[in-house]
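Visitor: Coordinates in target-v3.txt, compact mmCIF, C-alpha atoms, are listed below.
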```txt
# COMPACT_ATOMS: atom_id res chain seq x y z
CA MET A 1 0.00 0.00 0.00
CA ILE A 2 1.34 3.44 -0.96
CA ASP A 3 2.02 5.65 2.03
CA CYS A 4 0.97 9.23 1.28
CA LYS A 5 -0.61 12.17 3.03
CA GLN A 6 -4.37 12.49 2.82
CA ILE A 7 -6.87 15.09 4.02
CA ASP A 8 -8.73 13.83 7.06
CA ALA A 9 -12.51 13.54 7.27
CA MET A 10 -14.32 16.56 8.67
CA PRO A 11 -18.01 16.54 9.80
CA VAL A 12 -18.66 20.00 8.35
CA GLU A 13 -22.42 19.55 8.68
CA ARG A 14 -22.05 19.68 12.47
CA LEU A 15 -20.42 23.11 12.55
CA ASN A 16 -22.51 26.09 13.63
CA ASN A 17 -23.27 28.61 10.90
CA GLY A 18 -20.52 31.08 11.74
CA ALA A 19 -17.83 28.43 12.19
CA HIS A 20 -18.96 26.66 9.02
CA TYR A 21 -18.55 29.78 6.93
CA MET A 22 -15.13 30.61 8.42
CA PHE A 23 -13.85 27.07 7.91
CA MET A 24 -14.94 27.04 4.28
CA TYR A 25 -13.58 30.55 3.75
CA ARG A 26 -10.15 29.53 5.02
CA VAL A 27 -10.12 26.39 2.90
CA SER A 28 -11.16 28.30 -0.21
CA THR A 29 -8.65 31.10 0.39
CA ARG A 30 -5.70 28.78 1.01
CA ALA A 31 -6.62 26.45 -1.88
CA SER A 32 -6.73 29.40 -4.28
CA GLU A 33 -3.13 30.20 -3.32
CA ILE A 34 -1.89 26.72 -4.28
CA GLU A 35 -0.95 26.83 -7.95
CA ILE A 36 -1.27 23.12 -8.66
CA ILE A 37 -4.81 23.01 -7.27
CA GLY A 38 -5.84 25.81 -9.62
CA GLN A 39 -4.19 23.97 -12.51
CA LYS A 40 -5.40 20.45 -11.84
CA MET A 41 -8.91 21.08 -10.50
CA PRO A 42 -10.07 24.61 -11.40
CA ASP A 43 -13.72 23.57 -11.69
CA ARG A 44 -13.80 22.10 -8.18
CA LEU A 45 -12.19 25.21 -6.73
CA SER A 46 -14.56 27.51 -8.62
CA GLU A 47 -17.58 25.54 -7.40
CA LEU A 48 -16.45 25.92 -3.79
CA GLN A 49 -15.84 29.64 -4.20
CA ALA A 50 -19.23 30.20 -5.86
CA ALA A 51 -21.04 28.15 -3.21
CA LEU A 52 -19.31 30.15 -0.49
CA VAL A 53 -20.48 33.45 -1.99
CA THR A 54 -24.08 32.22 -1.88
CA GLU A 55 -23.67 30.94 1.67
CA ASP A 56 -22.31 34.31 2.77
CA LYS A 57 -25.37 36.12 1.38
CA CYS A 58 -27.75 33.66 3.05
CA LEU A 59 -25.87 33.90 6.34
CA VAL A 60 -26.29 37.68 6.37
CA LEU A 61 -29.98 37.34 5.50
CA SER A 62 -30.61 34.77 8.24
CA GLN A 63 -29.03 37.06 10.82
CA LYS A 64 -30.94 40.14 9.69
CA SER A 65 -32.54 42.04 12.54
CA LEU A 66 -36.29 42.03 12.94
CA LEU A 67 -36.03 45.77 12.35
CA SER A 68 -36.65 45.46 8.63
CA ASP A 69 -37.37 48.50 6.52
CA LYS A 70 -41.10 47.90 6.79
CA LEU A 71 -40.92 47.48 10.53
CA LYS A 72 -38.79 50.58 10.94
CA GLU A 73 -41.34 52.56 8.94
CA ALA A 74 -44.26 51.36 11.07
CA ASP A 75 -42.29 51.92 14.27
CA LYS A 76 -41.41 55.50 13.29
CA LEU A 77 -45.00 56.23 12.30
CA ARG A 78 -46.43 55.08 15.63
CA ASP A 79 -43.76 57.05 17.48
CA ASP A 80 -44.77 60.17 15.58
CA TYR A 81 -48.45 59.56 16.39
CA TYR A 82 -47.67 58.95 20.06
CA ARG A 83 -45.57 62.10 20.39
CA ALA A 84 -48.26 64.13 18.58
CA PHE A 85 -50.95 62.77 20.90
CA LYS A 86 -48.88 63.52 24.00
CA LYS A 87 -48.14 67.05 22.76
CA ALA A 88 -51.82 67.68 21.94
CA VAL A 89 -52.95 66.52 25.37
CA LYS A 90 -50.37 68.67 27.11
CA GLY A 91 -51.39 71.65 25.00
CA SER A 92 -55.06 71.13 25.84
CA GLU A 93 -54.28 71.56 29.52
CA GLY A 94 -53.89 75.29 28.98
CA ILE A 95 -57.23 75.78 27.24
CA PRO A 96 -59.53 77.70 29.64
CA VAL A 97 -62.46 75.33 29.24
CA PRO A 98 -63.14 73.21 32.36
CA ALA A 99 -64.21 70.06 30.48
CA ILE A 100 -61.15 70.21 28.24
CA GLN A 101 -58.79 70.89 31.16
CA GLU A 102 -60.29 68.02 33.16
CA ALA A 103 -59.94 65.62 30.23
CA ALA A 104 -56.37 66.75 29.66
CA VAL A 105 -55.41 66.20 33.31
CA ILE A 106 -56.84 62.67 33.27
CA LEU A 107 -55.05 61.75 30.04
CA LEU A 108 -51.76 63.29 31.13
CA GLN A 109 -51.86 61.18 34.28
CA LEU A 110 -52.58 58.13 32.13
CA LEU A 111 -49.55 58.90 29.94
CA LYS A 112 -47.44 59.40 33.04
CA ASP A 113 -48.54 56.04 34.43
CA TYR A 114 -47.56 54.21 31.23
CA ASN A 115 -44.31 56.18 30.88
CA ILE A 116 -43.74 54.99 27.32
CA ASN A 117 -40.34 55.65 25.78
CA PRO A 118 -40.62 55.73 21.96
CA SER A 119 -36.87 55.13 21.74
CA GLY A 120 -36.96 52.14 24.08
CA GLN A 121 -37.01 48.41 23.46
CA LEU A 122 -39.31 47.54 20.56
CA ASP A 123 -41.39 44.75 22.14
CA LYS A 124 -41.81 46.63 25.43
CA GLU A 125 -43.06 49.71 23.59
CA THR A 126 -45.44 47.59 21.51
CA GLY A 127 -47.04 46.02 24.58
CA LEU A 128 -47.39 49.31 26.45
CA LEU A 129 -48.88 51.07 23.44
CA MET A 130 -51.36 48.24 22.94
CA ASN A 131 -52.59 48.62 26.54
CA LEU A 132 -52.62 52.41 26.32
CA VAL A 133 -54.66 52.39 23.12
CA ASN A 134 -57.13 49.97 24.69
CA ASP A 135 -57.61 52.45 27.53
CA LEU A 136 -57.90 55.40 25.16
CA LEU A 137 -60.56 53.63 23.12
CA GLY A 138 -62.21 52.14 26.21
CA LYS A 139 -62.45 53.63 29.68
CA ASN A 140 -60.86 56.95 28.61
CA LYS A 141 -62.61 57.33 25.29
CA THR A 142 -64.78 60.16 26.64
CA GLN A 143 -61.71 62.25 27.46
CA VAL A 144 -60.17 61.51 24.06
CA GLU A 145 -63.36 62.60 22.29
CA THR A 146 -63.55 65.72 24.43
CA LEU A 147 -60.14 66.78 23.16
CA GLY A 148 -61.03 65.80 19.59
CA LEU A 149 -58.15 63.32 19.43
CA LEU A 150 -60.03 60.15 18.50
CA PRO A 151 -58.78 60.10 14.86
CA LEU A 152 -55.21 60.43 16.09
CA VAL A 153 -55.64 57.57 18.55
CA GLU A 154 -57.14 55.38 15.83
CA GLU A 155 -54.12 56.05 13.61
CA LEU A 156 -51.83 55.23 16.52
CA LYS A 157 -53.63 51.92 16.92
CA LYS A 158 -53.27 51.10 13.22
CA ALA A 159 -49.54 51.82 13.30
CA ASN A 160 -48.99 49.72 16.41
CA ASP A 161 -51.05 46.88 14.94
CA GLU A 162 -48.83 47.04 11.86
CA VAL A 163 -45.74 46.59 14.02
CA ILE A 164 -47.35 43.59 15.71
CA GLU A 165 -48.30 42.05 12.37
CA VAL A 166 -44.83 42.46 10.93
CA THR A 167 -43.02 41.04 13.94
CA THR A 168 -45.34 38.08 14.48
CA GLN A 169 -46.15 37.02 10.93
CA ARG A 170 -44.29 38.55 8.04
CA MET A 171 -40.84 38.55 9.58
CA ASP A 172 -41.36 35.01 10.91
CA GLU A 173 -42.04 33.84 7.38
CA SER A 174 -39.08 35.80 6.07
CA LEU A 175 -36.74 34.33 8.66
CA LYS A 176 -37.98 30.81 7.97
CA THR A 177 -37.25 31.36 4.29
CA ALA A 178 -33.81 32.71 5.13
CA VAL A 179 -33.00 29.75 7.37
CA GLY A 180 -34.11 27.34 4.64
CA ALA A 181 -32.00 29.16 2.07
CA LEU A 182 -28.96 29.01 4.37
CA LYS A 183 -29.42 25.28 4.89
CA THR A 184 -29.54 24.75 1.12
CA ALA A 185 -26.48 26.97 0.61
CA ARG A 186 -24.52 25.10 3.28
CA THR A 187 -25.34 21.77 1.64
CA ALA A 188 -24.01 23.06 -1.69
CA THR A 189 -20.83 24.31 -0.02
CA ASP A 190 -20.34 20.97 1.73
CA GLU A 191 -20.67 19.08 -1.54
CA ALA A 192 -18.19 21.38 -3.28
CA TYR A 193 -15.75 21.03 -0.37
CA ARG A 194 -15.95 17.23 -0.35
CA ASP A 195 -15.48 17.08 -4.12
CA LEU A 196 -12.35 19.22 -3.84
CA VAL A 197 -10.98 17.10 -0.99
CA LYS A 198 -11.59 13.89 -2.93
CA MET A 199 -9.75 15.27 -5.95
CA ILE A 200 -6.76 16.41 -3.90
CA ASN A 201 -6.53 13.07 -2.11
CA ALA A 202 -6.79 11.22 -5.42
CA TYR A 203 -4.04 13.27 -7.08
CA ALA A 204 -1.83 12.89 -4.01
CA LEU A 205 -2.31 9.13 -4.18
CA VAL A 206 -1.66 8.83 -7.91
CA GLU A 207 1.06 11.45 -8.41
CA GLY A 208 2.60 11.45 -4.97
CA ASP A 209 1.87 13.95 -2.22
CA ALA A 210 4.91 16.21 -2.61
CA ALA A 211 3.05 18.98 -4.46
CA TYR A 212 0.02 18.79 -2.16
CA ALA A 213 1.69 18.12 1.20
CA GLY A 214 1.71 21.76 2.33
CA PHE A 215 -2.02 22.21 1.74
CA ILE A 216 -2.87 18.81 3.22
CA ASP A 217 -0.91 19.61 6.38
CA TYR A 218 -2.57 23.02 6.65
CA LEU A 219 -6.09 21.68 6.17
CA ASN A 220 -5.59 18.79 8.60
CA ALA A 221 -4.37 21.26 11.21
CA GLU A 222 -7.53 23.35 10.65
CA ILE A 223 -9.67 20.23 10.94
CA VAL A 224 -8.08 19.35 14.26
CA HIS A 225 -8.61 22.93 15.45
CA TYR A 226 -12.30 22.99 14.54
CA LYS A 227 -12.95 19.53 15.94
CA ARG A 228 -11.41 20.52 19.24
CA GLU A 229 -12.57 24.12 19.60
CA VAL A 230 -15.99 24.03 17.91
CA LEU A 231 -17.13 20.41 18.15
CA ASN A 232 -15.39 19.67 21.46
CA GLN A 233 -13.86 16.49 20.11
CA LYS A 234 -10.52 14.96 20.94
CA ALA A 235 -8.69 15.01 17.63
CA THR A 236 -5.25 14.52 16.14
CA SER A 237 -4.09 14.93 12.57
CA SER A 238 -3.12 11.91 10.52
CA THR A 239 -0.26 13.98 9.10
CA THR A 240 1.19 14.70 12.53
CA PRO A 241 3.81 12.11 13.39
CA THR A 242 3.26 10.35 16.68
CA PRO A 243 6.12 8.93 18.72
CA GLU A 244 6.62 5.22 18.31
CA GLU A 245 5.58 3.16 21.28
CA PRO A 246 8.45 1.23 22.83
CA SER A 247 8.37 -2.41 21.87
CA GLU A 248 7.87 -4.92 24.62
CA PRO A 249 11.07 -6.69 25.61
CA GLU A 250 11.39 -10.19 24.30
CA PRO A 251 11.01 -12.80 27.07
CA GLU A 252 14.23 -14.35 28.21
CA PRO A 253 14.56 -18.04 27.28
CA GLU A 254 14.08 -20.47 30.12
CA PRO A 255 17.32 -22.15 31.13
CA GLU A 256 17.83 -25.72 29.95
CA PRO A 257 17.95 -28.31 32.75
CA GLU A 258 21.47 -29.41 33.61
CA ASN A 259 20.62 -33.05 33.12
CA PRO A 260 18.31 -33.55 30.13
CA ASP A 261 17.43 -37.02 31.28
CA VAL A 262 15.97 -35.81 34.55
CA VAL A 263 12.38 -34.75 34.23
```
Just give me the structure of the file as structure tokens.
Guide:
Amino acid sequence: MIDCKQIDAMPVERLNNGAHYMFMYRVSTRASEIEIIGQKMPDRLSELQAALVTEDKCLVLSQKSLLSDKLKEADKLRDDYYRAFKKAVKGSEGIPVPAIQEAAVILLQLLKDYNINPSGQLDKETGLLMNLVNDLLGKNKTQVETLGLLPLVEELKKANDEVIEVTTQRMDESLKTAVGALKTARTATDEAYRDLVKMINAYALVEGDAAYAGFIDYLNAEIVHYKREVLNQKATSSTTPTPEEPSEPEPEPEPEPENPDVV
């Protein structure tokens, strides 16, 4: 059997998304620097590079914040409505009409109790606004109507409902699509990687490993690193020489009896 260096097996499918991309990126980058790989197997290298570009795009998409453009727009709109409502209520307090002043005082206390920060955490603001709007359209509707602010409150409700819809439905669907796309992209990258590894191992076996030894050693070292640091496996490289175990001493021969005739 011919003794030559070979690239070790690597369970790339078990790597988390970030580690998977970085591993493949390092492999692709180093392989592109090896002239003989570009000469002997350009198609395999190109397939890996192309698959990695797609994986990168899907990885970014899968990690996209829930604050999409549509969500940002709805969030800004409800913030504007909330600030306008608060300003209108505060302004009504100075109108010298007892019913208006009374309504303004009640609503200002309500706003103070909720203490909503439009620049605060998205989900917290959404929940507080939902409860506030329920009060404004329920037990405090009379005060809202007295100040003539019912249309503004209704618009605030619509904007907050839009935020809820986007975060609970549309973005969920979008993220599921992104996760599915990333899974597909990773599978394509894995196939391209394995094809490249098979080709390198085959050439090393047929032609001798001298031209490929540097890359094989590098990749096996990376494989050991990722197995240990990411997958928490005990791993050693097949290209790393291990010290020979000392051979067991041969047993000493038993002494012959002095008199062969005596049993």
Visitor: So which residues touch range 44-48 of chain A within 8 Å, counting all atoms listed in the file, skipping near sequence neighbours fewer than 5 positions away, as an NGL selection string?
Guide: :A and (28 or 31-32 or 37-38 or 189 or 192-193 or 195-196)
Visitor: So how many Å separate CA of Gly18 in chain A and CA of Arg30 in chain A, to one decimal?
Guide: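 CA of Gly18 in chain A sits 18.4 Å away from CA of Arg30 in chain A.
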Visitor: Residues at most 12 Å from Arg14 in chain A, counting only C-alpha atoms, excluding those fewer than 2 positions away in the same chain, as a list in words?
Guide: Met10, Pro11, Val12, Asn16, Asn17, Gly18, Ala19, His20, Phe23, Lys183, Arg186, Thr187, Asp190, Tyr226, Lys227, Val230, Leu231, Asn232 and Gln233 of chain A
Visitor: Taking 2 positions as the minimum chain separation for residues in the same chain, which residues sit within 8 Å of range 212-224 of chain A when counting all atoms listed in the file? Answer as a ChimeraX atom specification.
Guide: /A:5-8,10,23,27,30-31,34,36,200,204,209-210,226-228,235-239
Visitor: Taking every listed atom of range 187-193 of chain A and adding 4 Å to each side, what centre and edge lengths in Å (one decimal) does the axis-aligned box have, as AutoDock Vina command-line options?
Guide:
```
--center_x -20.5 --center_y 21.7 --center_z -0.8 --size_x 17.6 --size_y 13.2 --size_z 13.0
```
Visitor: Which of these, A:Ala159, A:Cys4, A:Ile106, A:Val89, has the shortest distance to Lys139 in chain A once you count only C-alpha atoms?
Guide: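 Residue with the minimum atom-to-atom distance to Lys139 in chain A: A:Ile106.
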Visitor: Taking all atoms listed in the file into account, which of A:Leu205, A:Lys141, A:Asp3, A:Leu132 comes nearest Asp113 in chain A?
Guide: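 With all atoms listed in the file as the atom set, the closest residue is A:Leu132.
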Visitor: Provide the CA of Thr177 in chain A to CA of Gln121 in chain A distance in Å, to one decimal place.
Guide: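 Between CA of Thr177 in chain A and CA of Gln121 in chain A the gap is 25.7 Å.
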Visitor: Identify, on the basis of all atoms listed in the file, every residue whose closest approach to Lys157 in chain A does not exceed 10 Å; exclude the query and any residue fewer than 2 positions from it along the same chain; express the result as a VMD selection string.
Guide: chain A and resid 78 81 to 82 129 to 130 132 to 134 136 to 137 151 to 155 159 to 163
Visitor: Between A:Ser119, A:Gly127, A:Leu107, A:Leu147, which has the minimum distance to Ile95 in chain A (counting all atoms listed in the file)?
Guide: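 That would be A:Leu147, the residue with the smallest distance to Ile95 in chain A.
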Visitor: What does the structure give for the distance between CA of Lys198 in chain A and CA of Val60 in chain A, in Å to one decimal?
Guide: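 So the two atoms, CA of Lys198 in chain A and CA of Val60 in chain A, lie 29.5 Å apart.
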Visitor: Go through A:Gln49, A:Asn115, A:Gln101, A:Thr167 and flag the residue nearest Gln143 in chain A, using all atoms listed in the file for the distances.
Guide: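 Among A:Gln49, A:Asn115, A:Gln101, A:Thr167, it is A:Gln101 that comes nearest to Gln143 in chain A.
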Visitor: From the set A:Arg26, A:Lys86, A:Lys124, A:Lys158, which residue has the shortest atom-to-atom contact distance to Lys112 in chain A, counting only C-alpha atoms?
Guide: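 Checking each candidate against Lys112 in chain A, we get A:Lys86 as the closest.
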Visitor: Restricting the calculation to all atoms listed in the file, which member of A:Glu33, A:Glu145, A:Thr168, A:Pro118 is positioned closest to Leu77 in chain A?
Guide: A:Pro118
Visitor: Kindly write N, CA and C atoms of range 104-149 of chain A from the structure just given to a file, as a PDB file, in the first residue's frame.
Guide:
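Final file, part_4.pdb:
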```pdb
ATOM      1  N   ALA A 104     -57.808  66.697  29.871  1.00  0.00           N
ATOM      2  CA  ALA A 104     -56.366  66.750  29.661  1.00  0.00           C
ATOM      3  C   ALA A 104     -55.615  66.244  30.892  1.00  0.00           C
ATOM      4  N   VAL A 105     -56.068  66.639  32.066  1.00  0.00           N
ATOM      5  CA  VAL A 105     -55.413  66.196  33.309  1.00  0.00           C
ATOM      6  C   VAL A 105     -55.498  64.680  33.448  1.00  0.00           C
ATOM      7  N   ILE A 106     -56.652  64.129  33.153  1.00  0.00           N
ATOM      8  CA  ILE A 106     -56.840  62.671  33.266  1.00  0.00           C
ATOM      9  C   ILE A 106     -55.928  61.931  32.286  1.00  0.00           C
ATOM     10  N   LEU A 107     -55.861  62.425  31.055  1.00  0.00           N
ATOM     11  CA  LEU A 107     -55.050  61.751  30.039  1.00  0.00           C
ATOM     12  C   LEU A 107     -53.551  61.931  30.300  1.00  0.00           C
ATOM     13  N   LEU A 108     -53.176  63.090  30.803  1.00  0.00           N
ATOM     14  CA  LEU A 108     -51.765  63.293  31.134  1.00  0.00           C
ATOM     15  C   LEU A 108     -51.321  62.347  32.248  1.00  0.00           C
ATOM     16  N   GLN A 109     -52.187  62.120  33.214  1.00  0.00           N
ATOM     17  CA  GLN A 109     -51.860  61.176  34.279  1.00  0.00           C
ATOM     18  C   GLN A 109     -51.749  59.753  33.724  1.00  0.00           C
ATOM     19  N   LEU A 110     -52.626  59.439  32.771  1.00  0.00           N
ATOM     20  CA  LEU A 110     -52.577  58.125  32.128  1.00  0.00           C
ATOM     21  C   LEU A 110     -51.250  57.933  31.397  1.00  0.00           C
ATOM     22  N   LEU A 111     -50.828  58.957  30.658  1.00  0.00           N
ATOM     23  CA  LEU A 111     -49.552  58.901  29.936  1.00  0.00           C
ATOM     24  C   LEU A 111     -48.381  58.779  30.914  1.00  0.00           C
ATOM     25  N   LYS A 112     -48.488  59.474  32.030  1.00  0.00           N
ATOM     26  CA  LYS A 112     -47.439  59.404  33.040  1.00  0.00           C
ATOM     27  C   LYS A 112     -47.354  58.002  33.636  1.00  0.00           C
ATOM     28  N   ASP A 113     -48.505  57.389  33.858  1.00  0.00           N
ATOM     29  CA  ASP A 113     -48.536  56.036  34.427  1.00  0.00           C
ATOM     30  C   ASP A 113     -47.885  55.021  33.491  1.00  0.00           C
ATOM     31  N   TYR A 114     -48.151  55.153  32.196  1.00  0.00           N
ATOM     32  CA  TYR A 114     -47.564  54.206  31.232  1.00  0.00           C
ATOM     33  C   TYR A 114     -46.086  54.507  30.981  1.00  0.00           C
ATOM     34  N   ASN A 115     -45.720  55.772  31.020  1.00  0.00           N
ATOM     35  CA  ASN A 115     -44.311  56.184  30.883  1.00  0.00           C
ATOM     36  C   ASN A 115     -43.638  55.501  29.686  1.00  0.00           C
ATOM     37  N   ILE A 116     -44.237  55.646  28.529  1.00  0.00           N
ATOM     38  CA  ILE A 116     -43.737  54.994  27.319  1.00  0.00           C
ATOM     39  C   ILE A 116     -42.562  55.770  26.734  1.00  0.00           C
ATOM     40  N   ASN A 117     -41.514  55.046  26.411  1.00  0.00           N
ATOM     41  CA  ASN A 117     -40.337  55.650  25.778  1.00  0.00           C
ATOM     42  C   ASN A 117     -40.297  55.205  24.316  1.00  0.00           C
ATOM     43  N   PRO A 118     -40.609  56.102  23.382  1.00  0.00           N
ATOM     44  CA  PRO A 118     -40.619  55.730  21.959  1.00  0.00           C
ATOM     45  C   PRO A 118     -39.269  55.237  21.450  1.00  0.00           C
ATOM     46  N   SER A 119     -38.200  55.566  22.163  1.00  0.00           N
ATOM     47  CA  SER A 119     -36.866  55.132  21.743  1.00  0.00           C
ATOM     48  C   SER A 119     -36.418  53.874  22.493  1.00  0.00           C
ATOM     49  N   GLY A 120     -37.313  53.304  23.279  1.00  0.00           N
ATOM     50  CA  GLY A 120     -36.958  52.139  24.080  1.00  0.00           C
ATOM     51  C   GLY A 120     -37.042  50.841  23.312  1.00  0.00           C
ATOM     52  N   GLN A 121     -36.990  49.744  24.060  1.00  0.00           N
ATOM     53  CA  GLN A 121     -37.007  48.412  23.458  1.00  0.00           C
ATOM     54  C   GLN A 121     -38.309  48.185  22.684  1.00  0.00           C
ATOM     55  N   LEU A 122     -38.196  47.631  21.495  1.00  0.00           N
ATOM     56  CA  LEU A 122     -39.314  47.538  20.560  1.00  0.00           C
ATOM     57  C   LEU A 122     -40.513  46.792  21.140  1.00  0.00           C
ATOM     58  N   ASP A 123     -40.284  45.579  21.650  1.00  0.00           N
ATOM     59  CA  ASP A 123     -41.392  44.753  22.139  1.00  0.00           C
ATOM     60  C   ASP A 123     -42.066  45.377  23.364  1.00  0.00           C
ATOM     61  N   LYS A 124     -41.253  45.988  24.235  1.00  0.00           N
ATOM     62  CA  LYS A 124     -41.809  46.632  25.427  1.00  0.00           C
ATOM     63  C   LYS A 124     -42.721  47.782  25.012  1.00  0.00           C
ATOM     64  N   GLU A 125     -42.262  48.588  24.076  1.00  0.00           N
ATOM     65  CA  GLU A 125     -43.064  49.712  23.594  1.00  0.00           C
ATOM     66  C   GLU A 125     -44.352  49.212  22.957  1.00  0.00           C
ATOM     67  N   THR A 126     -44.255  48.133  22.193  1.00  0.00           N
ATOM     68  CA  THR A 126     -45.435  47.587  21.514  1.00  0.00           C
ATOM     69  C   THR A 126     -46.499  47.179  22.517  1.00  0.00           C
ATOM     70  N   GLY A 127     -46.092  46.472  23.565  1.00  0.00           N
ATOM     71  CA  GLY A 127     -47.042  46.016  24.576  1.00  0.00           C
ATOM     72  C   GLY A 127     -47.677  47.167  25.342  1.00  0.00           C
ATOM     73  N   LEU A 128     -46.864  48.158  25.715  1.00  0.00           N
ATOM     74  CA  LEU A 128     -47.391  49.305  26.453  1.00  0.00           C
ATOM     75  C   LEU A 128     -48.354  50.125  25.611  1.00  0.00           C
ATOM     76  N   LEU A 129     -47.996  50.317  24.335  1.00  0.00           N
ATOM     77  CA  LEU A 129     -48.883  51.073  23.445  1.00  0.00           C
ATOM     78  C   LEU A 129     -50.206  50.339  23.219  1.00  0.00           C
ATOM     79  N   MET A 130     -50.137  49.014  23.137  1.00  0.00           N
ATOM     80  CA  MET A 130     -51.362  48.236  22.939  1.00  0.00           C
ATOM     81  C   MET A 130     -52.314  48.453  24.118  1.00  0.00           C
ATOM     82  N   ASN A 131     -51.760  48.415  25.350  1.00  0.00           N
ATOM     83  CA  ASN A 131     -52.587  48.621  26.537  1.00  0.00           C
ATOM     84  C   ASN A 131     -53.083  50.055  26.629  1.00  0.00           C
ATOM     85  N   LEU A 132     -52.225  51.007  26.284  1.00  0.00           N
ATOM     86  CA  LEU A 132     -52.622  52.408  26.321  1.00  0.00           C
ATOM     87  C   LEU A 132     -53.763  52.680  25.349  1.00  0.00           C
ATOM     88  N   VAL A 133     -53.623  52.184  24.132  1.00  0.00           N
ATOM     89  CA  VAL A 133     -54.657  52.393  23.117  1.00  0.00           C
ATOM     90  C   VAL A 133     -55.986  51.770  23.562  1.00  0.00           C
ATOM     91  N   ASN A 134     -55.911  50.597  24.179  1.00  0.00           N
ATOM     92  CA  ASN A 134     -57.134  49.966  24.693  1.00  0.00           C
ATOM     93  C   ASN A 134     -57.833  50.860  25.707  1.00  0.00           C
ATOM     94  N   ASP A 135     -57.027  51.522  26.556  1.00  0.00           N
ATOM     95  CA  ASP A 135     -57.613  52.448  27.533  1.00  0.00           C
ATOM     96  C   ASP A 135     -58.202  53.674  26.842  1.00  0.00           C
ATOM     97  N   LEU A 136     -57.449  54.190  25.854  1.00  0.00           N
ATOM     98  CA  LEU A 136     -57.896  55.400  25.164  1.00  0.00           C
ATOM     99  C   LEU A 136     -59.169  55.173  24.356  1.00  0.00           C
ATOM    100  N   LEU A 137     -59.354  53.953  23.885  1.00  0.00           N
ATOM    101  CA  LEU A 137     -60.564  53.626  23.121  1.00  0.00           C
ATOM    102  C   LEU A 137     -61.618  52.955  23.999  1.00  0.00           C
ATOM    103  N   GLY A 138     -61.288  52.778  25.277  1.00  0.00           N
ATOM    104  CA  GLY A 138     -62.207  52.144  26.207  1.00  0.00           C
ATOM    105  C   GLY A 138     -62.614  53.073  27.331  1.00  0.00           C
ATOM    106  N   LYS A 139     -62.027  52.869  28.493  1.00  0.00           N
ATOM    107  CA  LYS A 139     -62.453  53.625  29.676  1.00  0.00           C
ATOM    108  C   LYS A 139     -62.168  55.126  29.572  1.00  0.00           C
ATOM    109  N   ASN A 140     -61.194  55.522  28.742  1.00  0.00           N
ATOM    110  CA  ASN A 140     -60.855  56.949  28.611  1.00  0.00           C
ATOM    111  C   ASN A 140     -61.297  57.547  27.276  1.00  0.00           C
ATOM    112  N   LYS A 141     -62.185  56.859  26.599  1.00  0.00           N
ATOM    113  CA  LYS A 141     -62.612  57.332  25.287  1.00  0.00           C
ATOM    114  C   LYS A 141     -63.319  58.688  25.378  1.00  0.00           C
ATOM    115  N   THR A 142     -64.056  58.894  26.465  1.00  0.00           N
ATOM    116  CA  THR A 142     -64.776  60.164  26.639  1.00  0.00           C
ATOM    117  C   THR A 142     -63.804  61.339  26.656  1.00  0.00           C
ATOM    118  N   GLN A 143     -62.704  61.187  27.394  1.00  0.00           N
ATOM    119  CA  GLN A 143     -61.714  62.251  27.465  1.00  0.00           C
ATOM    120  C   GLN A 143     -61.052  62.483  26.102  1.00  0.00           C
ATOM    121  N   VAL A 144     -60.789  61.405  25.385  1.00  0.00           N
ATOM    122  CA  VAL A 144     -60.174  61.512  24.060  1.00  0.00           C
ATOM    123  C   VAL A 144     -61.094  62.266  23.108  1.00  0.00           C
ATOM    124  N   GLU A 145     -62.386  61.932  23.161  1.00  0.00           N
ATOM    125  CA  GLU A 145     -63.356  62.598  22.291  1.00  0.00           C
ATOM    126  C   GLU A 145     -63.529  64.068  22.682  1.00  0.00           C
ATOM    127  N   THR A 146     -63.426  64.341  23.966  1.00  0.00           N
ATOM    128  CA  THR A 146     -63.549  65.723  24.432  1.00  0.00           C
ATOM    129  C   THR A 146     -62.446  66.593  23.840  1.00  0.00           C
ATOM    130  N   LEU A 147     -61.269  66.033  23.718  1.00  0.00           N
ATOM    131  CA  LEU A 147     -60.141  66.780  23.156  1.00  0.00           C
ATOM    132  C   LEU A 147     -60.087  66.686  21.627  1.00  0.00           C
ATOM    133  N   GLY A 148     -61.000  65.925  21.039  1.00  0.00           N
ATOM    134  CA  GLY A 148     -61.032  65.803  19.585  1.00  0.00           C
ATOM    135  C   GLY A 148     -59.855  65.004  19.028  1.00  0.00           C
ATOM    136  N   LEU A 149     -59.356  64.066  19.827  1.00  0.00           N
ATOM    137  CA  LEU A 149     -58.149  63.323  19.428  1.00  0.00           C
ATOM    138  C   LEU A 149     -58.434  61.878  19.031  1.00  0.00           C
TER     139      LEU A 149
END
```
